[in-house]
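J.: Submitted below is the structure of interest, expressed as structure tokens.
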Amino acid sequence: MNKRPRTTIDKPLLDLCHRELGQISNRNFAHRLAASEDLVLRLDVLRKLEKHRGCVNTVCFNADGDILVSGSDDRRVILWDWESGHIKLSFHSGHTNNVFQARIMPHSDDRSIVTCAADGQVRHAQILERGRVENKLLAKHQGRAHKMAIEPGSPHIFYTCGEDGLVQHFDLRTGTATELFTCQPIKDRWDYIPVIHLNAIAIDPRNPNLFAVAGSDEYTRLYDIRKYKWDGSSDFGQPVNFFCPPHLIGDQRGVGITGLAFSEQRELLVSYNDEYIYLFTQDMGLGPNPDLGSPVSMNSDSSEMGGSLGSAASLSNISGSADEKITPQVFKGHRNSETVKGVNFFGPKCEYVVSGSDCGRIFIWRKKDGQLIRVMEADKNVVNCIESHPHTMVLASSGIEYDIKMWTPKAHEKATLPKNIEQV
């Protein structure tokens with residue numbers, strides 16, 4: 001008799017049996033259950049958070065995951081108890097244009113919030129007693145400032161990037177902003193591209209000295225803050241590594257990057273406009289000189305600290321990969337053309353990749369093989385932001401519409417992919 005093939009719903013039951021028999025620990029069982037594809041296929045809208053009077057450009061959970069902060073074209077920042085749908089606090093950001101990102105600083109009792117916006121301003125809001133808010137300007141970009149990156153676990157340190165190409169470092173203890181560098185194009189484009197307009201910045205969670213930026217060309221650039229001389233005695237503008245899919249190097253179509261994310265495993269997720277999403281591992285970097293076009297491991301100290309491509313380890317890597325390119329995992333199906341979209345990991349160990357789309361849907365792929373497993377109808381218009389809960393299988397999404405949708409695995413039936421997904 002032929003055995004029935006094991007379905008995805010059997011796997012959680014099998015893990016439960018193994019836990020009861022002591023074959024896996026409670027912690028591993030919890031992780032396996034939380035990462036179950038069955039839960040992804042049961043995601044459904046728990047509720048809509050409705051209060052903003054403009055497009056919701058940013059959503060982000062606090063460290064505990066019980067509060068969601070949002071910012072909008074209405075220039076307001078709202079703190080939500082997302083489980084109940086109640087507003088804990090709403091205040092004017094102080095910005096004169098659309099709020100692009102709002103983040104709650106870690107270990108601040110959820111009272112310290114930083115924002116950046118289309119007016120180029122970077123602002124800090126301190127929540128005082130009885131809901132009073134003290135709001136001040138920290139610095140300004142010459143152009144729109146899309147994204148910030150908070151140093152993991154730090155209540156004080158964060159970075160911003162803007163369309164002026166400038167990357168700034170902030171320390172809330174002193175209220176000072178340090179202009180680190182203006183992102184430059186690769187050398188053969190200096191004559192006709194003055195700066196790279198930056199859309200995204202992300203910090204490596206396993207090594208907070210490393211941060212990546214990306215924008216109006218095909219390269220993601222990795223920098224090491226340890227190379228910066230705080231007295232301004234040296235030029236910090238040289239990346240220690242570049243990342244780009246081989247077929248996009250030297251691209252003439254004008255592709256750019258709208259979103260970046262690091263996984264806990266130090267993988268780098270990059271979302272291109274008018275192209276796809278790519279996942280880079282540590283051995284896929286091009287080194288500090290992308291013109292050579294050969295992957296160089298960023299695992300070694302020489303790579304992390306911007307070591308020469310002429311080192312023995314680097315030469316070995318180059319010779320070993322000369323005949324075949326190391327290519328990143330690709331994620332296809334969505335459309336990223338109209339807006340600056342983010343991209344994110346999902347799951348307790350970043351097992352999935354999630355993105356919004358111009359078609360108003362949310363796309364979810366398995367990270368390990370790039371397989372599209374879920375397409376969710378979210379908005380009638382563009383979905384820009386997908387934020388993963390820090391501890392559970394919960395998503396928050398927002399975009400051109402004025403509400404925020406909270407997604408939990410509550411559906412009784414597992415979803416299937418639309419039959420016309422190739423035409424979407």
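Residues are referred to by chain and number: the chain letter is A, B, ... according to the order shown in the structure tokens, the number counts from 1 in that chain, and ligands are numbered separately from 1 in the order shown.
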Mind checking which residues fall within 9 Å of range 247-257 of chain A, counting only C-alpha atoms, ignoring those fewer than 5 positions away in the same chain, and posting them as number ranges by chain?

T.: A: 198-200, 214-220, 270-275, 290-291, 293, 340

J.: From the DSSP assignment of the backbone, select every residue of range 61-249 of chain A that is helix (DSSP H, G or I), and format the answer as a short mmCIF file (atom, residue, chain, number, x, y, z; two decimals) with N, CA, C and O atoms, in the first residue's frame.

T.:
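Writing done, so here's states-v6.cif:
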data_model
loop_
_atom_site.label_atom_id
_atom_site.label_comp_id
_atom_site.auth_asym_id
_atom_site.auth_seq_id
_atom_site.Cartn_x
_atom_site.Cartn_y
_atom_site.Cartn_z
N GLU A 129 5.24 62.95 31.38
CA GLU A 129 4.09 62.55 32.20
C GLU A 129 2.79 63.12 31.63
O GLU A 129 2.78 64.17 30.99
N ARG A 130 1.71 62.37 31.85
CA ARG A 130 0.36 62.77 31.43
C ARG A 130 0.24 62.97 29.92
O ARG A 130 -0.59 63.76 29.46
N GLY A 131 1.07 62.25 29.16
CA GLY A 131 0.93 62.28 27.72
C GLY A 131 1.50 63.50 27.03
O GLY A 131 1.33 63.67 25.82
N LYS A 187 33.50 54.97 -9.56
CA LYS A 187 34.39 55.96 -10.17
C LYS A 187 34.04 56.31 -11.61
O LYS A 187 34.15 57.46 -12.03
N ASP A 188 33.63 55.31 -12.40
CA ASP A 188 33.39 55.60 -13.81
C ASP A 188 32.11 56.39 -14.05
O ASP A 188 31.78 56.70 -15.19
N ARG A 189 31.39 56.74 -12.98
CA ARG A 189 30.17 57.54 -13.12
C ARG A 189 30.28 58.91 -12.47
O ARG A 189 29.30 59.64 -12.39
N ILE A 225 31.72 51.32 10.88
CA ILE A 225 31.84 52.57 11.64
C ILE A 225 33.18 52.65 12.36
O ILE A 225 33.65 53.75 12.70
N ARG A 226 33.85 51.51 12.56
CA ARG A 226 35.15 51.54 13.24
C ARG A 226 36.22 52.24 12.40
O ARG A 226 37.26 52.64 12.93
N LYS A 227 35.96 52.37 11.10
CA LYS A 227 36.93 53.05 10.23
C LYS A 227 36.77 54.57 10.27
O LYS A 227 37.58 55.29 9.69
N PRO A 246 24.94 39.59 -10.14
CA PRO A 246 25.88 39.71 -11.27
C PRO A 246 25.27 40.33 -12.52
O PRO A 246 25.91 41.14 -13.20
N HIS A 247 24.02 40.00 -12.84
CA HIS A 247 23.43 40.48 -14.09
C HIS A 247 23.07 41.96 -14.04
O HIS A 247 22.78 42.56 -15.08
N LEU A 248 23.07 42.57 -12.83
CA LEU A 248 22.73 43.99 -12.72
C LEU A 248 23.96 44.90 -12.65
O LEU A 248 23.82 46.12 -12.68
#

J.: For Leu46 in chain A, work out the shell of residues within 8 Å, counting only C-alpha atoms and skipping chain neighbours fewer than 6 positions away, then give it as a count of residues only.

T.: 5

J.: Considering only C-alpha atoms, state which residue in the set A:Arg366, A:Lys332, A:Arg111, A:Lys380 is at the smallest distance from Asn62 in chain A.

T.: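 The answer is A:Arg111, which sits nearest to Asn62 in chain A.
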
J.: From the list A:Glu264, A:Glu37, A:Leu210, A:Val45, which residue is nearest Glu377 in chain A when using only C-alpha atoms?

T.: A:Val45

J.: Compare A:Ser112, A:Gln329, A:Arg144, A:Cys161 by their minimum atom-to-atom distance to Arg173 in chain A, counting only C-alpha atoms, and give me the closest one.

T.: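 Among A:Ser112, A:Gln329, A:Arg144, A:Cys161, it is A:Ser112 that comes nearest to Arg173 in chain A.
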
J.: Taking only C-alpha atoms into account, name the residue in A:Ala177, A:Leu172, A:Ala145, A:Ile373 that is nearest to His124 in chain A.

T.: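 Result for the nearest residue to His124 in chain A: A:Leu172.
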
J.: When you count only C-alpha atoms, which of these residues is closest to Ser72 in chain A: A:His52, A:Arg103, A:Arg206, A:Arg221?

T.: A:His52

J.: Do you know which residues are at most 9 Å from Ile157 in chain A counting only C-alpha atoms, after dropping those on the same chain fewer than 4 positions away, and could you put them as a count of residues only?

T.: 10

J.: Could you name the residues that touch His197 in chain A at 8 Å or less, counting only C-alpha atoms, but leaving out those on the same chain fewer than 6 positions away, as a PDB file with N, CA and C atoms, in the first residue's frame?

T.:
ATOM      1  N   GLY A 162      19.446  60.018   3.396  1.00  0.00           N
ATOM      2  CA  GLY A 162      18.523  60.878   2.663  1.00  0.00           C
ATOM      3  C   GLY A 162      18.816  60.905   1.175  1.00  0.00           C
ATOM      4  N   GLU A 163      17.914  61.549   0.451  1.00  0.00           N
ATOM      5  CA  GLU A 163      18.089  61.668  -0.993  1.00  0.00           C
ATOM      6  C   GLU A 163      19.250  62.596  -1.363  1.00  0.00           C
ATOM      7  N   ASP A 164      19.786  63.322  -0.388  1.00  0.00           N
ATOM      8  CA  ASP A 164      20.999  64.109  -0.623  1.00  0.00           C
ATOM      9  C   ASP A 164      22.259  63.247  -0.598  1.00  0.00           C
ATOM     10  N   GLY A 165      22.088  61.930  -0.344  1.00  0.00           N
ATOM     11  CA  GLY A 165      23.215  61.014  -0.282  1.00  0.00           C
ATOM     12  C   GLY A 165      23.929  60.996   1.049  1.00  0.00           C
ATOM     13  N   CYS A 183      27.240  59.626   0.014  1.00  0.00           N
ATOM     14  CA  CYS A 183      27.440  58.422  -0.791  1.00  0.00           C
ATOM     15  C   CYS A 183      27.744  58.791  -2.245  1.00  0.00           C
ATOM     16  N   GLY A 215      20.356  52.953  -2.718  1.00  0.00           N
ATOM     17  CA  GLY A 215      19.468  53.964  -3.292  1.00  0.00           C
ATOM     18  C   GLY A 215      19.403  53.903  -4.797  1.00  0.00           C
ATOM     19  N   SER A 216      19.891  54.969  -5.445  1.00  0.00           N
ATOM     20  CA  SER A 216      19.582  55.199  -6.854  1.00  0.00           C
ATOM     21  C   SER A 216      20.524  54.518  -7.849  1.00  0.00           C
TER      22      SER A 216
END

J.: With range 90-93 of chain A as the partner and 12 Å as the cut-off, tabulate the residues of range 111-211 of chain A that qualify, each row holding the nearest pair of atoms and their distance in Å to one decimal, using only C-alpha atoms, sorted by chain and rising number, as JSON lines.

T.:
{"residue": "A:Ile113", "atom": "CA", "partner": "A:Ser93", "partner_atom": "CA", "distance": 9.8}
{"residue": "A:Val114", "atom": "CA", "partner": "A:Ser93", "partner_atom": "CA", "distance": 9.4}
{"residue": "A:Thr115", "atom": "CA", "partner": "A:Ser93", "partner_atom": "CA", "distance": 7.7}
{"residue": "A:Cys116", "atom": "CA", "partner": "A:Ser93", "partner_atom": "CA", "distance": 9.4}
{"residue": "A:Ala117", "atom": "CA", "partner": "A:Ser93", "partner_atom": "CA", "distance": 9.5}
{"residue": "A:Asp119", "atom": "CA", "partner": "A:Ser93", "partner_atom": "CA", "distance": 11.7}
{"residue": "A:Gln121", "atom": "CA", "partner": "A:Ser93", "partner_atom": "CA", "distance": 10.5}
{"residue": "A:Val122", "atom": "CA", "partner": "A:Ser93", "partner_atom": "CA", "distance": 10.3}
{"residue": "A:Arg123", "atom": "CA", "partner": "A:Ser93", "partner_atom": "CA", "distance": 7.9}
{"residue": "A:His124", "atom": "CA", "partner": "A:Ser93", "partner_atom": "CA", "distance": 8.8}
{"residue": "A:Ala125", "atom": "CA", "partner": "A:Ser93", "partner_atom": "CA", "distance": 7.6}
{"residue": "A:Gln126", "atom": "CA", "partner": "A:Ser93", "partner_atom": "CA", "distance": 11.0}
{"residue": "A:Ile127", "atom": "CA", "partner": "A:Phe91", "partner_atom": "CA", "distance": 9.9}
{"residue": "A:Gly131", "atom": "CA", "partner": "A:Ser90", "partner_atom": "CA", "distance": 9.0}
{"residue": "A:Arg132", "atom": "CA", "partner": "A:Phe91", "partner_atom": "CA", "distance": 9.0}
{"residue": "A:Val133", "atom": "CA", "partner": "A:Phe91", "partner_atom": "CA", "distance": 7.5}
{"residue": "A:Glu134", "atom": "CA", "partner": "A:Ser93", "partner_atom": "CA", "distance": 10.1}
{"residue": "A:Asn135", "atom": "CA", "partner": "A:Ser93", "partner_atom": "CA", "distance": 7.4}
{"residue": "A:Lys136", "atom": "CA", "partner": "A:Ser93", "partner_atom": "CA", "distance": 9.4}
{"residue": "A:Leu137", "atom": "CA", "partner": "A:Ser93", "partner_atom": "CA", "distance": 10.2}

J.: Please compute the CA of Glu267 in chain A-CA of Leu417 in chain A distance, one decimal, in Å.

T.: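 Pair CA of Glu267 in chain A / CA of Leu417 in chain A returns 26.9 Å.
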
J.: With distances taken over only C-alpha atoms, which residue among A:Gly285, A:Val56, A:Trp365, A:His95 lies nearest Leu138 in chain A?

T.: A:His95

J.: Please extract the residues of range 180-230 of chain A with a backbone DSSP assignment of strand (DSSP E or B) and present them as a VMD selection string.

T.: chain A and resid 180 to 182 198 to 203 210 to 215 220 to 224

J.: I need the chosen residues saved as a short mmCIF file (atom, residue, chain, number, x, y, z; two decimals), in the first residue's frame, with all heavy atoms.

T.:
data_model
loop_
_atom_site.label_atom_id
_atom_site.label_comp_id
_atom_site.auth_asym_id
_atom_site.auth_seq_id
_atom_site.Cartn_x
_atom_site.Cartn_y
_atom_site.Cartn_z
N LEU A 180 28.53 61.66 8.54
CA LEU A 180 29.57 60.67 8.29
C LEU A 180 30.16 60.79 6.89
O LEU A 180 31.37 60.84 6.71
CB LEU A 180 29.02 59.25 8.50
CG LEU A 180 28.55 58.91 9.92
CD1 LEU A 180 28.04 57.48 9.96
CD2 LEU A 180 29.67 59.11 10.93
N PHE A 181 29.30 60.80 5.86
CA PHE A 181 29.77 60.87 4.48
C PHE A 181 28.58 61.10 3.56
O PHE A 181 27.43 60.92 3.94
CB PHE A 181 30.50 59.57 4.07
CG PHE A 181 29.61 58.36 4.09
CD1 PHE A 181 28.92 57.94 2.96
CD2 PHE A 181 29.47 57.62 5.25
CE1 PHE A 181 28.11 56.82 2.98
CE2 PHE A 181 28.66 56.48 5.29
CZ PHE A 181 27.97 56.09 4.15
N THR A 182 28.89 61.51 2.34
CA THR A 182 27.91 61.58 1.26
C THR A 182 28.22 60.45 0.29
O THR A 182 29.36 60.33 -0.19
CB THR A 182 27.96 62.93 0.54
OG1 THR A 182 27.62 63.97 1.48
CG2 THR A 182 26.97 62.97 -0.62
N LEU A 198 19.88 58.19 -1.47
CA LEU A 198 19.70 57.02 -0.61
C LEU A 198 18.25 56.84 -0.17
O LEU A 198 17.59 57.79 0.26
CB LEU A 198 20.60 57.12 0.61
CG LEU A 198 22.11 57.10 0.32
CD1 LEU A 198 22.91 57.29 1.59
CD2 LEU A 198 22.51 55.81 -0.39
N ASN A 199 17.78 55.60 -0.27
CA ASN A 199 16.42 55.23 0.14
C ASN A 199 16.38 54.34 1.37
O ASN A 199 15.34 54.25 2.03
CB ASN A 199 15.71 54.47 -0.98
CG ASN A 199 15.51 55.31 -2.22
OD1 ASN A 199 15.21 56.50 -2.14
ND2 ASN A 199 15.67 54.69 -3.39
N ALA A 200 17.48 53.64 1.67
CA ALA A 200 17.42 52.60 2.70
C ALA A 200 18.74 52.50 3.45
O ALA A 200 19.81 52.72 2.89
CB ALA A 200 17.08 51.26 2.05
N ILE A 201 18.63 52.11 4.73
CA ILE A 201 19.79 51.88 5.58
C ILE A 201 19.42 50.78 6.57
O ILE A 201 18.28 50.72 7.04
CB ILE A 201 20.23 53.18 6.30
CG1 ILE A 201 21.50 52.95 7.11
CG2 ILE A 201 19.12 53.75 7.17
CD1 ILE A 201 22.15 54.26 7.61
N ALA A 202 20.37 49.89 6.87
CA ALA A 202 20.13 48.79 7.79
C ALA A 202 21.42 48.44 8.50
O ALA A 202 22.51 48.55 7.92
CB ALA A 202 19.57 47.57 7.05
N ILE A 203 21.32 48.00 9.76
CA ILE A 203 22.47 47.63 10.59
C ILE A 203 22.51 46.12 10.77
O ILE A 203 21.47 45.49 11.01
CB ILE A 203 22.42 48.34 11.96
CG1 ILE A 203 22.51 49.86 11.79
CG2 ILE A 203 23.54 47.85 12.87
CD1 ILE A 203 22.38 50.62 13.09
N LEU A 210 28.73 47.29 11.50
CA LEU A 210 28.51 47.26 10.06
C LEU A 210 27.10 47.73 9.72
O LEU A 210 26.13 47.29 10.33
CB LEU A 210 28.72 45.84 9.52
CG LEU A 210 30.08 45.19 9.77
CD1 LEU A 210 30.09 43.77 9.24
CD2 LEU A 210 31.20 46.01 9.15
N PHE A 211 27.00 48.62 8.74
CA PHE A 211 25.69 49.06 8.27
C PHE A 211 25.73 49.18 6.75
O PHE A 211 26.76 49.44 6.14
CB PHE A 211 25.25 50.38 8.92
CG PHE A 211 26.11 51.57 8.60
CD1 PHE A 211 25.81 52.40 7.53
CD2 PHE A 211 27.20 51.88 9.38
CE1 PHE A 211 26.58 53.51 7.24
CE2 PHE A 211 27.99 52.99 9.11
CZ PHE A 211 27.69 53.80 8.03
N ALA A 212 24.56 48.98 6.14
CA ALA A 212 24.44 49.00 4.68
C ALA A 212 23.52 50.14 4.27
O ALA A 212 22.54 50.45 4.96
CB ALA A 212 23.89 47.67 4.17
N VAL A 213 23.82 50.74 3.12
CA VAL A 213 22.96 51.77 2.54
C VAL A 213 22.75 51.46 1.06
O VAL A 213 23.57 50.79 0.42
CB VAL A 213 23.55 53.20 2.69
CG1 VAL A 213 23.73 53.55 4.16
CG2 VAL A 213 24.87 53.33 1.93
N ALA A 214 21.63 51.96 0.52
CA ALA A 214 21.34 51.72 -0.89
C ALA A 214 20.36 52.78 -1.39
O ALA A 214 19.63 53.39 -0.61
CB ALA A 214 20.76 50.32 -1.10
N GLY A 215 20.36 52.95 -2.72
CA GLY A 215 19.47 53.96 -3.29
C GLY A 215 19.40 53.90 -4.80
O GLY A 215 18.97 52.91 -5.37
N THR A 220 24.37 47.81 -3.21
CA THR A 220 24.26 48.01 -1.77
C THR A 220 25.67 48.13 -1.23
O THR A 220 26.54 47.29 -1.51
CB THR A 220 23.55 46.82 -1.10
OG1 THR A 220 22.21 46.73 -1.59
CG2 THR A 220 23.51 47.00 0.41
N ARG A 221 25.92 49.17 -0.45
CA ARG A 221 27.25 49.44 0.08
C ARG A 221 27.29 49.15 1.57
O ARG A 221 26.41 49.59 2.30
CB ARG A 221 27.63 50.91 -0.17
CG ARG A 221 27.80 51.26 -1.65
CD ARG A 221 27.64 52.75 -1.88
NE ARG A 221 28.03 53.15 -3.23
CZ ARG A 221 27.23 53.06 -4.30
NH1 ARG A 221 25.98 52.61 -4.15
NH2 ARG A 221 27.66 53.43 -5.49
N LEU A 222 28.33 48.43 2.00
CA LEU A 222 28.51 48.09 3.41
C LEU A 222 29.64 48.92 3.99
O LEU A 222 30.73 49.00 3.40
CB LEU A 222 28.82 46.60 3.56
CG LEU A 222 28.86 46.07 5.00
CD1 LEU A 222 27.45 45.94 5.56
CD2 LEU A 222 29.58 44.72 5.05
N TYR A 223 29.40 49.53 5.15
CA TYR A 223 30.39 50.38 5.82
C TYR A 223 30.67 49.84 7.22
O TYR A 223 29.84 49.17 7.82
CB TYR A 223 29.88 51.82 5.93
CG TYR A 223 29.72 52.54 4.61
CD1 TYR A 223 28.55 52.40 3.86
CD2 TYR A 223 30.74 53.33 4.10
CE1 TYR A 223 28.41 53.05 2.64
CE2 TYR A 223 30.60 53.98 2.88
CZ TYR A 223 29.44 53.83 2.16
OH TYR A 223 29.30 54.47 0.96
N ASP A 224 31.85 50.18 7.71
CA ASP A 224 32.27 49.80 9.07
C ASP A 224 32.55 51.07 9.85
O ASP A 224 33.47 51.83 9.53
CB ASP A 224 33.53 48.93 8.99
CG ASP A 224 33.88 48.30 10.33
OD1 ASP A 224 33.57 48.89 11.37
OD2 ASP A 224 34.46 47.19 10.32
#
